[in-house]
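Colleague: input00.cif (mmCIF, C-alpha atoms (C1' of nucleotides)) pasted underneath:
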```cif
data_my_file
#
loop_
_atom_site.label_atom_id
_atom_site.label_comp_id
_atom_site.auth_asym_id
_atom_site.auth_seq_id
_atom_site.Cartn_x
_atom_site.Cartn_y
_atom_site.Cartn_z
CA MET A 1 0.00 0.00 0.00
CA GLY A 2 2.13 2.84 -1.25
CA GLY A 3 -0.92 5.07 -1.52
CA ALA A 4 -0.54 5.82 -5.19
CA VAL A 5 -3.55 7.35 -6.90
CA ASP A 6 -5.24 6.26 -10.12
CA LEU A 7 -4.59 9.16 -12.48
CA ASN A 8 -7.42 8.04 -14.73
CA THR A 9 -9.85 9.39 -12.17
CA HIS A 10 -8.13 12.78 -12.33
CA PRO A 11 -9.77 15.11 -14.84
CA GLY A 12 -6.63 17.22 -15.15
CA HIS A 13 -4.52 14.30 -16.21
CA LEU A 14 -7.18 13.15 -18.66
CA ALA A 15 -7.52 16.66 -20.06
CA ARG A 16 -3.82 16.74 -20.80
CA ARG A 17 -3.97 13.34 -22.47
CA LEU A 18 -6.94 14.44 -24.53
CA GLN A 19 -5.10 17.52 -25.73
CA GLN A 20 -2.02 15.46 -26.45
CA ALA A 21 -4.01 13.01 -28.54
CA HIS A 22 -5.66 15.90 -30.32
CA SER A 23 -2.48 17.71 -31.27
CA LEU A 24 -1.04 14.47 -32.56
CA LEU A 25 -4.00 13.94 -34.86
CA TRP A 26 -3.96 17.62 -35.79
CA GLY A 27 -0.40 17.35 -37.01
CA ALA A 28 -1.29 14.33 -39.09
CA MET A 29 -4.62 15.44 -40.54
CA VAL A 30 -4.74 19.23 -40.51
CA SER A 31 -1.37 20.92 -40.69
CA GLU A 32 2.20 20.63 -39.51
CA GLU A 33 2.87 24.36 -39.85
CA THR A 34 -0.28 25.80 -38.32
CA THR A 35 -1.16 24.69 -34.81
CA SER A 36 -4.58 24.42 -33.26
CA PRO A 37 -4.24 27.60 -31.15
CA GLN A 38 -3.06 29.44 -34.26
CA PHE A 39 -6.16 28.27 -36.08
CA ALA A 40 -8.27 29.49 -33.17
CA VAL A 41 -6.75 32.95 -33.57
CA VAL A 42 -7.25 33.04 -37.32
CA ASN A 43 -10.81 31.84 -36.89
CA ALA A 44 -11.53 34.57 -34.34
CA LEU A 45 -10.24 37.17 -36.78
CA ILE A 46 -12.53 35.83 -39.49
CA GLU A 47 -15.46 36.26 -37.15
CA LYS A 48 -14.39 39.65 -35.80
CA PRO A 49 -11.92 41.49 -37.99
CA GLU A 50 -10.07 44.60 -36.81
CA ILE A 51 -9.96 43.71 -33.13
CA ASP A 52 -6.98 44.31 -30.85
CA GLN A 53 -4.92 41.72 -29.03
CA ARG A 54 -6.71 42.12 -25.74
CA THR A 55 -10.13 41.41 -27.26
CA LEU A 56 -8.67 38.54 -29.22
CA SER A 57 -7.17 37.01 -26.10
CA GLU A 58 -10.62 36.92 -24.49
CA HIS A 59 -12.18 35.30 -27.53
CA VAL A 60 -9.73 32.43 -27.72
CA HIS A 61 -9.13 32.16 -23.96
CA LEU A 62 -5.42 32.90 -23.98
CA ASP A 63 -3.56 35.53 -21.99
CA ARG A 64 -2.02 38.67 -23.50
CA SER A 65 1.57 37.41 -23.53
CA THR A 66 0.72 34.21 -25.32
CA ILE A 67 -1.39 36.08 -27.86
CA ALA A 68 1.47 38.49 -28.52
CA ASP A 69 3.87 35.66 -29.35
CA LEU A 70 1.32 33.80 -31.36
CA VAL A 71 0.29 36.85 -33.37
CA ALA A 72 3.95 37.70 -33.99
CA ARG A 73 4.48 34.26 -35.51
CA LEU A 74 1.42 34.56 -37.72
CA ALA A 75 2.54 38.03 -38.81
CA ARG A 76 6.01 36.73 -39.62
CA ARG A 77 4.38 34.17 -41.89
CA GLY A 78 2.38 36.88 -43.63
CA LEU A 79 -1.00 35.62 -42.46
CA LEU A 80 -2.04 38.81 -40.69
CA GLU A 81 -1.05 42.43 -40.26
CA ARG A 82 -0.52 44.19 -36.97
CA VAL A 83 -1.05 47.95 -37.14
CA ARG A 84 -0.91 50.54 -34.40
CA ASP A 85 -4.35 52.07 -33.88
CA PRO A 86 -4.11 55.78 -34.84
CA ASN A 87 -7.03 56.57 -32.52
CA ASP A 88 -5.49 54.78 -29.55
CA GLY A 89 -1.74 54.46 -29.51
CA ARG A 90 -1.85 51.52 -27.12
CA ARG A 91 -3.70 49.12 -29.35
CA ASN A 92 -2.52 46.87 -32.12
CA VAL A 93 -5.28 46.35 -34.65
CA LEU A 94 -5.15 42.96 -36.33
CA ARG A 95 -6.31 42.10 -39.83
CA LEU A 96 -5.92 38.88 -41.76
CA THR A 97 -4.19 39.05 -45.12
CA GLU A 98 -5.60 37.39 -48.20
CA GLU A 99 -3.29 34.49 -47.51
CA GLY A 100 -4.58 34.26 -43.96
CA ILE A 101 -8.14 34.06 -45.23
CA ARG A 102 -7.19 31.41 -47.77
CA LEU A 103 -5.48 29.38 -45.05
CA HIS A 104 -8.58 29.56 -42.88
CA ARG A 105 -10.78 28.25 -45.68
CA LYS A 106 -8.45 25.32 -46.21
CA LEU A 107 -8.18 24.43 -42.54
CA VAL A 108 -11.91 24.65 -41.81
CA THR A 109 -12.50 21.65 -44.05
CA ARG A 110 -9.63 19.71 -42.60
CA THR A 111 -10.50 20.38 -38.96
CA ALA A 112 -14.05 19.18 -39.60
CA ARG A 113 -12.65 15.97 -41.04
CA MET A 114 -10.24 15.61 -38.15
CA ASN A 115 -12.89 16.15 -35.52
CA ARG A 116 -14.95 13.35 -37.04
CA VAL A 117 -12.01 10.96 -36.81
CA PHE A 118 -11.11 12.16 -33.33
CA LEU A 119 -14.62 11.55 -32.01
CA ALA A 120 -15.22 8.41 -34.06
CA PRO A 121 -15.08 6.11 -30.99
CA LEU A 122 -18.22 7.85 -29.66
CA ASP A 123 -21.77 7.78 -31.02
CA GLU A 124 -23.63 10.99 -31.75
CA THR A 125 -25.20 11.30 -28.30
CA GLU A 126 -21.90 10.69 -26.55
CA ARG A 127 -20.18 13.31 -28.69
CA GLU A 128 -22.63 15.98 -27.69
CA THR A 129 -22.45 14.89 -24.08
CA LEU A 130 -18.67 15.07 -24.03
CA LEU A 131 -18.53 18.56 -25.50
CA ARG A 132 -21.30 19.81 -23.25
CA LEU A 133 -19.78 18.40 -20.05
CA ILE A 134 -16.32 19.78 -20.80
CA ALA A 135 -17.77 23.19 -21.55
CA ARG A 136 -19.74 23.18 -18.30
CA VAL A 137 -16.72 22.35 -16.18
CA ALA A 138 -14.48 24.85 -17.97
CA ASP A 139 -17.10 27.61 -17.78
CA ALA A 140 -17.68 26.99 -14.09
CA ALA A 141 -13.97 27.11 -13.31
CA GLU A 142 -13.71 30.38 -15.17
CA GLU A 143 -16.51 31.78 -13.06
CA LEU A 144 -14.48 30.96 -9.96
CA ARG A 145 -11.65 33.12 -11.28
CA ALA A 146 -13.96 36.10 -11.56
CA MET B 1 -20.95 35.13 -43.51
CA GLY B 2 -17.18 34.97 -43.17
CA GLY B 3 -17.37 31.24 -42.57
CA ALA B 4 -16.00 31.31 -39.06
CA VAL B 5 -16.38 28.14 -37.04
CA ASP B 6 -17.79 27.71 -33.52
CA LEU B 7 -14.79 26.60 -31.51
CA ASN B 8 -17.04 25.23 -28.80
CA THR B 9 -17.84 22.31 -31.07
CA HIS B 10 -14.12 21.57 -31.40
CA PRO B 11 -12.92 19.02 -28.86
CA GLY B 12 -9.32 20.21 -29.15
CA HIS B 13 -10.20 23.74 -28.19
CA LEU B 14 -12.36 22.55 -25.33
CA ALA B 15 -9.62 20.21 -24.14
CA ARG B 16 -7.22 23.12 -23.94
CA ARG B 17 -9.74 25.21 -22.03
CA LEU B 18 -10.36 22.33 -19.65
CA GLN B 19 -6.67 21.97 -18.97
CA GLN B 20 -6.32 25.71 -18.52
CA ALA B 21 -9.15 25.79 -16.00
CA HIS B 22 -7.63 22.85 -14.22
CA SER B 23 -4.15 24.29 -13.87
CA LEU B 24 -5.63 27.51 -12.55
CA LEU B 25 -7.50 25.65 -9.82
CA TRP B 26 -4.45 23.47 -9.18
CA GLY B 27 -2.32 26.52 -8.47
CA ALA B 28 -4.93 27.83 -6.07
CA MET B 29 -5.88 24.64 -4.23
CA VAL B 30 -2.99 22.19 -4.53
CA SER B 31 0.41 23.80 -4.97
CA GLU B 32 2.17 26.69 -6.62
CA GLU B 33 5.54 24.93 -6.63
CA THR B 34 4.54 21.48 -7.80
CA THR B 35 2.63 21.24 -11.06
CA SER B 36 0.13 18.62 -12.08
CA PRO B 37 2.53 16.78 -14.44
CA GLN B 38 5.13 16.78 -11.66
CA PHE B 39 2.61 15.21 -9.34
CA ALA B 40 1.85 12.60 -12.00
CA VAL B 41 5.55 11.69 -12.06
CA VAL B 42 5.85 11.49 -8.29
CA ASN B 43 2.69 9.42 -8.13
CA ALA B 44 4.02 6.99 -10.73
CA LEU B 45 7.20 6.57 -8.68
CA ILE B 46 5.14 5.80 -5.59
CA GLU B 47 3.37 3.09 -7.51
CA LYS B 48 6.46 1.73 -9.24
CA PRO B 49 9.75 2.69 -7.57
CA GLU B 50 13.12 2.14 -9.21
CA ILE B 51 11.94 2.50 -12.80
CA ASP B 52 13.88 4.30 -15.53
CA GLN B 53 12.84 7.38 -17.45
CA ARG B 54 11.57 5.49 -20.46
CA THR B 55 9.19 3.37 -18.41
CA LEU B 56 8.12 6.43 -16.48
CA SER B 57 7.36 8.32 -19.67
CA GLU B 58 4.98 5.58 -20.75
CA HIS B 59 3.20 5.58 -17.41
CA VAL B 60 2.48 9.29 -17.37
CA HIS B 61 2.08 9.65 -21.15
CA LEU B 62 4.93 12.08 -21.74
CA ASP B 63 7.81 11.76 -24.16
CA ARG B 64 11.42 11.12 -23.12
CA SER B 65 12.63 14.70 -23.51
CA THR B 66 9.87 16.17 -21.40
CA ILE B 67 10.42 13.55 -18.71
CA ALA B 68 14.13 14.33 -18.66
CA ASP B 69 13.50 18.03 -17.98
CA LEU B 70 10.78 17.31 -15.49
CA VAL B 71 12.83 14.77 -13.58
CA ALA B 72 15.80 17.13 -13.54
CA ARG B 73 13.66 19.80 -11.87
CA LEU B 74 12.37 17.36 -9.27
CA ALA B 75 15.91 16.16 -8.60
CA ARG B 76 17.11 19.74 -8.18
CA ARG B 77 14.44 20.21 -5.53
CA GLY B 78 15.61 17.09 -3.72
CA LEU B 79 12.39 15.16 -4.29
CA LEU B 80 14.00 12.27 -6.13
CA GLU B 81 17.37 10.76 -6.95
CA ARG B 82 18.59 9.87 -10.40
CA VAL B 83 21.24 7.16 -10.40
CA ARG B 84 22.94 5.48 -13.32
CA ASP B 85 21.98 1.82 -13.40
CA PRO B 86 25.17 -0.18 -12.72
CA ASN B 87 23.70 -3.15 -14.60
CA ASP B 88 22.80 -1.08 -17.66
CA GLY B 89 24.79 2.06 -18.26
CA ARG B 90 22.09 3.59 -20.43
CA ARG B 91 19.41 3.78 -17.77
CA ASN B 92 18.77 6.31 -15.07
CA VAL B 93 17.08 4.64 -12.14
CA LEU B 94 14.73 6.96 -10.27
CA ARG B 95 13.88 6.83 -6.59
CA LEU B 96 11.87 9.26 -4.49
CA THR B 97 13.55 10.73 -1.45
CA GLU B 98 11.84 10.87 1.92
CA GLU B 99 10.86 14.41 1.11
CA GLY B 100 9.36 13.30 -2.20
CA ILE B 101 7.25 10.71 -0.41
CA ARG B 102 6.13 13.27 2.13
CA LEU B 103 5.17 15.67 -0.63
CA HIS B 104 3.13 12.98 -2.36
CA ARG B 105 1.18 12.25 0.83
CA LYS B 106 0.38 15.92 1.22
CA LEU B 107 -0.70 16.43 -2.39
CA VAL B 108 -2.88 13.32 -2.59
CA THR B 109 -5.26 14.86 -0.07
CA ARG B 110 -5.27 18.21 -1.77
CA THR B 111 -5.80 16.87 -5.29
CA ALA B 112 -8.78 14.87 -4.07
CA ARG B 113 -10.26 18.05 -2.63
CA MET B 114 -9.49 19.95 -5.80
CA ASN B 115 -11.05 17.35 -8.06
CA ARG B 116 -14.27 17.58 -6.06
CA VAL B 117 -14.38 21.34 -6.54
CA PHE B 118 -13.42 21.07 -10.19
CA LEU B 119 -16.20 18.61 -10.97
CA ALA B 120 -18.72 20.21 -8.64
CA PRO B 121 -20.89 21.51 -11.52
CA LEU B 122 -21.60 17.89 -12.51
CA ASP B 123 -23.59 15.25 -10.66
CA GLU B 124 -22.08 11.87 -9.89
CA THR B 125 -23.28 10.19 -13.11
CA GLU B 126 -22.04 13.04 -15.26
CA ARG B 127 -18.64 12.95 -13.58
CA GLU B 128 -18.19 9.30 -14.39
CA THR B 129 -19.43 9.84 -17.92
CA LEU B 130 -17.01 12.70 -18.53
CA LEU B 131 -13.98 10.77 -17.32
CA ARG B 132 -15.00 7.67 -19.24
CA LEU B 133 -15.64 9.50 -22.51
CA ILE B 134 -12.37 11.42 -22.37
CA ALA B 135 -10.46 8.23 -21.65
CA ARG B 136 -12.13 6.46 -24.57
CA VAL B 137 -11.25 9.19 -27.05
CA ALA B 138 -7.69 9.53 -25.77
CA ASP B 139 -7.12 5.78 -25.77
CA ALA B 140 -8.49 5.44 -29.29
CA ALA B 141 -6.26 8.23 -30.61
CA GLU B 142 -3.27 6.54 -29.02
CA GLU B 143 -4.15 3.34 -30.80
CA LEU B 144 -4.03 5.22 -34.09
CA ARG B 145 -0.46 6.19 -33.34
CA ALA B 146 0.57 2.55 -32.97
"C1'" DT C 1 34.19 -11.79 -30.47
"C1'" DC C 2 32.94 -8.29 -33.14
"C1'" DG C 3 30.04 -5.46 -35.72
"C1'" DG C 4 25.56 -3.56 -36.60
"C1'" DG C 5 21.00 -2.70 -34.85
"C1'" DA C 6 18.27 -1.44 -30.95
"C1'" DT C 7 17.82 1.22 -26.80
"C1'" DG C 8 18.11 4.98 -23.14
"C1'" DC C 9 19.40 9.47 -22.61
"C1'" DT C 10 20.73 14.12 -23.84
"C1'" DC C 11 20.53 18.37 -26.42
"C1'" DA C 12 18.93 21.97 -29.67
"C1'" DG C 13 15.16 24.05 -31.55
"C1'" DT C 14 10.43 25.49 -31.49
"C1'" DA C 15 5.64 26.41 -29.78
"C1'" DT C 16 2.35 26.84 -26.07
"C1'" DG C 17 1.06 29.04 -21.84
"C1'" DC C 18 1.54 31.36 -17.43
"C1'" DT C 19 3.06 35.33 -13.90
"C1'" DG C 20 4.95 39.60 -12.80
"C1'" DA C 21 7.36 43.73 -13.89
"C1'" DC C 22 7.75 47.45 -16.90
"C1'" DT C 23 6.53 51.11 -20.59
"C1'" DA C 24 3.65 53.94 -23.11
"C1'" DA C 25 -0.65 55.83 -23.90
"C1'" DT C 26 -5.20 57.02 -22.48
"C1'" DG C 27 -8.83 58.56 -19.33
"C1'" DT C 28 -10.43 60.93 -15.20
"C1'" DG C 29 -11.23 63.52 -10.91
"C1'" DG C 30 -10.20 67.47 -8.55
"C1'" DC D 1 -5.03 71.13 -16.77
"C1'" DC D 2 -2.53 68.04 -14.25
"C1'" DA D 3 -1.69 64.07 -11.14
"C1'" DC D 4 -3.17 59.48 -10.84
"C1'" DA D 5 -5.33 55.27 -12.08
"C1'" DT D 6 -6.31 52.33 -15.83
"C1'" DT D 7 -5.28 49.95 -19.94
"C1'" DA D 8 -2.61 47.65 -24.04
"C1'" DG D 9 1.42 45.83 -25.11
"C1'" DT D 10 6.11 44.04 -24.31
"C1'" DC D 11 9.58 41.47 -22.03
"C1'" DA D 12 11.95 38.17 -18.89
"C1'" DG D 13 11.56 34.00 -16.65
"C1'" DC D 14 9.77 29.57 -16.06
"C1'" DA D 15 7.38 25.05 -17.05
"C1'" DT D 16 5.23 22.07 -20.30
"C1'" DA D 17 5.52 19.49 -24.64
"C1'" DC D 18 7.11 17.92 -29.11
"C1'" DT D 19 10.64 16.54 -33.05
"C1'" DG D 20 14.92 15.21 -34.68
"C1'" DA D 21 19.73 14.58 -34.18
"C1'" DG D 22 23.46 12.69 -31.74
"C1'" DC D 23 25.90 9.71 -28.18
"C1'" DA D 24 26.85 5.94 -25.28
"C1'" DT D 25 25.66 1.47 -24.13
"C1'" DC D 26 23.80 -2.93 -24.67
"C1'" DC D 27 22.36 -7.08 -27.23
"C1'" DC D 28 22.34 -10.49 -30.66
"C1'" DG D 29 23.69 -13.04 -34.62
"C1'" DA D 30 27.32 -14.49 -37.67
#
```
Using the file provided, produce a representation of the structure as structure tokens.
Modeller:
Amino acid sequence: MGGAVDLNTHPGHLARRLQQAHSLLWGAMVSEETTSPQFAVVNALIEKPEIDQRTLSEHVHLDRSTIADLVARLARRGLLERVRDPNDGRRNVLRLTEEGIRLHRKLVTRTARMNRVFLAPLDETERETLLRLIARVADAAEELRA
Amino acid sequence: MGGAVDLNTHPGHLARRLQQAHSLLWGAMVSEETTSPQFAVVNALIEKPEIDQRTLSEHVHLDRSTIADLVARLARRGLLERVRDPNDGRRNVLRLTEEGIRLHRKLVTRTARMNRVFLAPLDETERETLLRLIARVADAAEELRA
DNA sequence: TCGGGATGCTCAGTATGCTGACTAATGTGG
DNA sequence: CCACATTAGTCAGCATACTGAGCATCCCGA
């Protein structure tokens, strides 16, 4: 009786494994150059163009520092432009380039395909349940923060 | 109609958010010094002492490089010892120190408490369902790798 | 026994992701 | 209108995490 715990009853451990499995499949089926968080950023800019980094960070649930790095990488690859807001010298206004928009179109198809494969072990009801339960736990934990 | 996607239907995005929420709560309720992956390593060494890094990496689902860094940090803090196996000069044999064992005992209690808070928004059935569904998806994706 | 393949580890490089400190710019109350 | 708080961004530092290359060691067959 060493008192070791079964990590498979620990949601944190399972969450990490789920993300790990996901990023593996992502690399194989979606893109090796563009990561899943990068896609999240591009997708947010499709939905809401011309926002600043702070707003963006709230949309994709990442902090300002991480967004800054991530956006810098996307800018370096010519997928978006970062311009100082003339009306507010603190803000960087972000706008996808044509290439960024093209990339998004391509990846939307692939991510849909990947998600089907990823969730293939579950039936339709289970899929919805999984997504709903994760969202509830994550939302609730975020409430705690506030 | 820019064609943006709802990220809340993407398991990868939700997995990241779940992990994010978890590590936030972990820092508040379990430990600021010892992270969740570090606890996973210590826990694995409680269960199976005297294993090498390769075996350990399989147990906690992390690759060799990550384990090496992680183990080095734990060793620096005096929580475990890393000794070259005299019978096989390639292996590092790992053993928790007394302090490492003490730390594990302390954190087991706290993680249990934290998991209850983390999963509080769900009822008992939903909790089991969530853990089971995540494990199924993660396991299946790992099979794909092999 | 010896030579090549397999194995365990390390190291460099890169990408997330966080905190906390700092800077610059804006907004506001007196 | 000016001092002060707030806000957006950057930067340093740290911890995960991966790939791919390289190194030392072991193992196994000829």
Colleague: Which polymer residues have any atom within 9 Å of an atom of region 13-22 of chain D, counting all atoms listed in the file, with same-chain residues fewer than 6 positions away left out, as a tab-separated table (two decimals) with C-alpha atoms (C1' of nucleotides), in the coordinates of the input?
Modeller:
```tsv
chain	number	residue	atom	x	y	z
A	20	GLN	CA	-2.02	15.46	-26.45
B	35	THR	CA	2.63	21.24	-11.06
B	37	PRO	CA	2.53	16.78	-14.44
B	62	LEU	CA	4.93	12.08	-21.74
B	63	ASP	CA	7.81	11.76	-24.16
B	65	SER	CA	12.63	14.70	-23.51
B	66	THR	CA	9.87	16.17	-21.40
B	70	LEU	CA	10.78	17.31	-15.49
C	10	DT	C1'	20.73	14.12	-23.84
C	11	DC	C1'	20.53	18.37	-26.42
C	12	DA	C1'	18.93	21.97	-29.67
C	13	DG	C1'	15.16	24.05	-31.55
C	14	DT	C1'	10.43	25.49	-31.49
C	15	DA	C1'	5.64	26.41	-29.78
C	16	DT	C1'	2.35	26.84	-26.07
C	17	DG	C1'	1.06	29.04	-21.84
C	18	DC	C1'	1.54	31.36	-17.43
```
Colleague: Can you tell me which residues surround DC1 (chain D) at a distance of at most 12 Å, considering all atoms listed in the file, apart from same-chain residues fewer than 5 positions away, and format the answer as a list in words?
Modeller: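 Those residues are DT28, DG29 and DG30 of chain C.
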Colleague: Determine the residue set returned by the PyMOL selection byres ((chain A and resi 85) around 12) for the present structure, and present it as a VMD selection string.
Modeller: (chain A and resid 50 to 53 82 to 84 86 to 95) or (chain C and resid 25) or (chain D and resid 8)
Colleague: To test your reading of the syntax: which residues would the PyMOL selection byres ((chain A and resi 119-129) around 8) return for the file shown? Reply as an MDAnalysis selection string.
Modeller: (chainID A and resid 115:118 130:133) or (chainID B and resid 133 136:137 140)
Colleague: May I ask you to extract the residues of chain B within 7 Å of chain A, using all atoms listed in the file, and to give them as a count of residues only?
Modeller: 32
Colleague: Least-squares fit on all C-alpha atoms, paired in order: put chain A onto chain B and return it as a compact mmCIF listing (two decimals) with C-alpha atoms, in the frame of the given file.
Modeller:
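This went into superposed-v8.txt:
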```
# COMPACT_ATOMS: atom_id res chain seq x y z
CA MET A 1 -21.00 34.99 -43.84
CA GLY A 2 -17.30 34.99 -43.11
CA GLY A 3 -17.36 31.24 -42.56
CA ALA A 4 -16.02 31.33 -39.05
CA VAL A 5 -16.39 28.15 -37.04
CA ASP A 6 -17.81 27.72 -33.54
CA LEU A 7 -14.81 26.60 -31.51
CA ASN A 8 -17.07 25.23 -28.80
CA THR A 9 -17.85 22.32 -31.08
CA HIS A 10 -14.13 21.58 -31.40
CA PRO A 11 -12.94 19.03 -28.86
CA GLY A 12 -9.34 20.21 -29.15
CA HIS A 13 -10.20 23.74 -28.20
CA LEU A 14 -12.36 22.54 -25.32
CA ALA A 15 -9.61 20.20 -24.13
CA ARG A 16 -7.21 23.10 -23.94
CA ARG A 17 -9.72 25.20 -22.03
CA LEU A 18 -10.36 22.33 -19.65
CA GLN A 19 -6.66 21.96 -18.94
CA GLN A 20 -6.31 25.69 -18.53
CA ALA A 21 -9.14 25.79 -16.01
CA HIS A 22 -7.61 22.83 -14.22
CA SER A 23 -4.14 24.27 -13.86
CA LEU A 24 -5.62 27.49 -12.56
CA LEU A 25 -7.50 25.66 -9.83
CA TRP A 26 -4.45 23.48 -9.18
CA GLY A 27 -2.34 26.52 -8.46
CA ALA A 28 -4.94 27.83 -6.07
CA MET A 29 -5.88 24.64 -4.24
CA VAL A 30 -2.99 22.20 -4.52
CA SER A 31 0.40 23.81 -4.94
CA GLU A 32 2.16 26.71 -6.60
CA GLU A 33 5.54 24.95 -6.62
CA THR A 34 4.54 21.49 -7.78
CA THR A 35 2.64 21.24 -11.05
CA SER A 36 0.14 18.62 -12.07
CA PRO A 37 2.53 16.78 -14.42
CA GLN A 38 5.13 16.78 -11.65
CA PHE A 39 2.60 15.20 -9.33
CA ALA A 40 1.86 12.60 -11.99
CA VAL A 41 5.55 11.68 -12.05
CA VAL A 42 5.86 11.49 -8.29
CA ASN A 43 2.70 9.41 -8.12
CA ALA A 44 4.04 6.99 -10.73
CA LEU A 45 7.21 6.56 -8.68
CA ILE A 46 5.16 5.78 -5.59
CA GLU A 47 3.39 3.06 -7.51
CA LYS A 48 6.50 1.71 -9.23
CA PRO A 49 9.75 2.66 -7.56
CA GLU A 50 13.13 2.11 -9.20
CA ILE A 51 11.98 2.49 -12.79
CA ASP A 52 13.92 4.30 -15.51
CA GLN A 53 12.88 7.38 -17.42
CA ARG A 54 11.64 5.51 -20.44
CA THR A 55 9.23 3.37 -18.40
CA LEU A 56 8.15 6.42 -16.47
CA SER A 57 7.41 8.33 -19.66
CA GLU A 58 5.02 5.57 -20.75
CA HIS A 59 3.24 5.55 -17.41
CA VAL A 60 2.50 9.26 -17.37
CA HIS A 61 2.11 9.64 -21.15
CA LEU A 62 4.94 12.09 -21.71
CA ASP A 63 7.84 11.78 -24.12
CA ARG A 64 11.45 11.16 -23.07
CA SER A 65 12.64 14.75 -23.47
CA THR A 66 9.87 16.18 -21.35
CA ILE A 67 10.43 13.55 -18.68
CA ALA A 68 14.14 14.35 -18.60
CA ASP A 69 13.49 18.03 -17.93
CA LEU A 70 10.78 17.32 -15.45
CA VAL A 71 12.83 14.77 -13.53
CA ALA A 72 15.80 17.16 -13.50
CA ARG A 73 13.65 19.80 -11.83
CA LEU A 74 12.35 17.37 -9.24
CA ALA A 75 15.90 16.18 -8.57
CA ARG A 76 17.09 19.76 -8.17
CA ARG A 77 14.43 20.22 -5.51
CA GLY A 78 15.59 17.10 -3.70
CA LEU A 79 12.39 15.15 -4.29
CA LEU A 80 14.01 12.24 -6.11
CA GLU A 81 17.38 10.75 -6.93
CA ARG A 82 18.61 9.85 -10.38
CA VAL A 83 21.26 7.13 -10.40
CA ARG A 84 22.98 5.45 -13.31
CA ASP A 85 22.03 1.77 -13.44
CA PRO A 86 25.21 -0.26 -12.79
CA ASN A 87 23.74 -3.20 -14.72
CA ASP A 88 22.84 -1.09 -17.74
CA GLY A 89 24.85 2.04 -18.29
CA ARG A 90 22.14 3.61 -20.43
CA ARG A 91 19.46 3.79 -17.80
CA ASN A 92 18.81 6.30 -15.07
CA VAL A 93 17.09 4.63 -12.14
CA LEU A 94 14.76 6.94 -10.26
CA ARG A 95 13.88 6.81 -6.58
CA LEU A 96 11.87 9.23 -4.51
CA THR A 97 13.53 10.72 -1.45
CA GLU A 98 11.82 10.85 1.91
CA GLU A 99 10.85 14.40 1.11
CA GLY A 100 9.38 13.29 -2.20
CA ILE A 101 7.25 10.71 -0.42
CA ARG A 102 6.11 13.27 2.14
CA LEU A 103 5.17 15.67 -0.65
CA HIS A 104 3.12 12.98 -2.36
CA ARG A 105 1.17 12.26 0.81
CA LYS A 106 0.36 15.93 1.20
CA LEU A 107 -0.70 16.44 -2.39
CA VAL A 108 -2.89 13.33 -2.60
CA THR A 109 -5.28 14.87 -0.09
CA ARG A 110 -5.27 18.22 -1.80
CA THR A 111 -5.79 16.87 -5.31
CA ALA A 112 -8.79 14.88 -4.09
CA ARG A 113 -10.25 18.06 -2.64
CA MET A 114 -9.49 19.97 -5.81
CA ASN A 115 -11.04 17.37 -8.07
CA ARG A 116 -14.27 17.59 -6.08
CA VAL A 117 -14.39 21.36 -6.55
CA PHE A 118 -13.41 21.08 -10.20
CA LEU A 119 -16.20 18.62 -10.96
CA ALA A 120 -18.73 20.23 -8.63
CA PRO A 121 -20.88 21.54 -11.52
CA LEU A 122 -21.61 17.92 -12.51
CA ASP A 123 -23.62 15.27 -10.65
CA GLU A 124 -22.12 11.88 -9.89
CA THR A 125 -23.32 10.22 -13.10
CA GLU A 126 -22.06 13.07 -15.25
CA ARG A 127 -18.66 12.94 -13.57
CA GLU A 128 -18.19 9.31 -14.40
CA THR A 129 -19.45 9.87 -17.91
CA LEU A 130 -17.03 12.72 -18.51
CA LEU A 131 -14.00 10.77 -17.33
CA ARG A 132 -15.02 7.68 -19.24
CA LEU A 133 -15.67 9.52 -22.52
CA ILE A 134 -12.39 11.43 -22.37
CA ALA A 135 -10.48 8.24 -21.66
CA ARG A 136 -12.15 6.48 -24.59
CA VAL A 137 -11.28 9.21 -27.05
CA ALA A 138 -7.71 9.54 -25.78
CA ASP A 139 -7.16 5.77 -25.79
CA ALA A 140 -8.52 5.45 -29.31
CA ALA A 141 -6.30 8.23 -30.61
CA GLU A 142 -3.31 6.54 -29.05
CA GLU A 143 -4.21 3.33 -30.83
CA LEU A 144 -4.07 5.22 -34.12
CA ARG A 145 -0.48 6.19 -33.37
CA ALA A 146 0.50 2.56 -32.98
```
Colleague: How many Å lie between C1' of DC9 (chain C) and CA of Glu81 (chain B), rounded to one decimal?
Modeller: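 Between C1' of DC9 (chain C) and CA of Glu81 (chain B) the gap is 15.8 Å.
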Colleague: Evaluate the PyMOL selection byres ((chain C and resi 1-4) around 12) against this structure - the residues, as a list in words, please.
Modeller: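 Residues picked by the PyMOL selection byres ((chain C and resi 1-4) around 12): DG5 and DA6 of chain C; DC27, DC28, DG29 and DA30 of chain D.
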Colleague: Report, in Å to a single decimal, how far apart CA of Glu33 (chain B) and C1' of DA21 (chain C) are.
Modeller: 20.2 Å
Colleague: How many Å separate CA of Thr97 (chain A) from CA of Leu80 (chain A)?
Modeller: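 Separating CA of Thr97 (chain A) from CA of Leu80 (chain A) is a distance of 4.9 Å.
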Colleague: What lies within 7 Å of Leu79 (chain A) using all atoms listed in the file, ignoring chain neighbours under 5 positions off, as a list in words?
Modeller: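 The neighbour list is Leu74, Leu96, Thr97, Glu99 and Gly100 of chain A.
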Colleague: From the list D:DA12, D:DT7, D:DT25, D:DC2, which residue is nearest chain A when using all atoms listed in the file?
Modeller: D:DT7
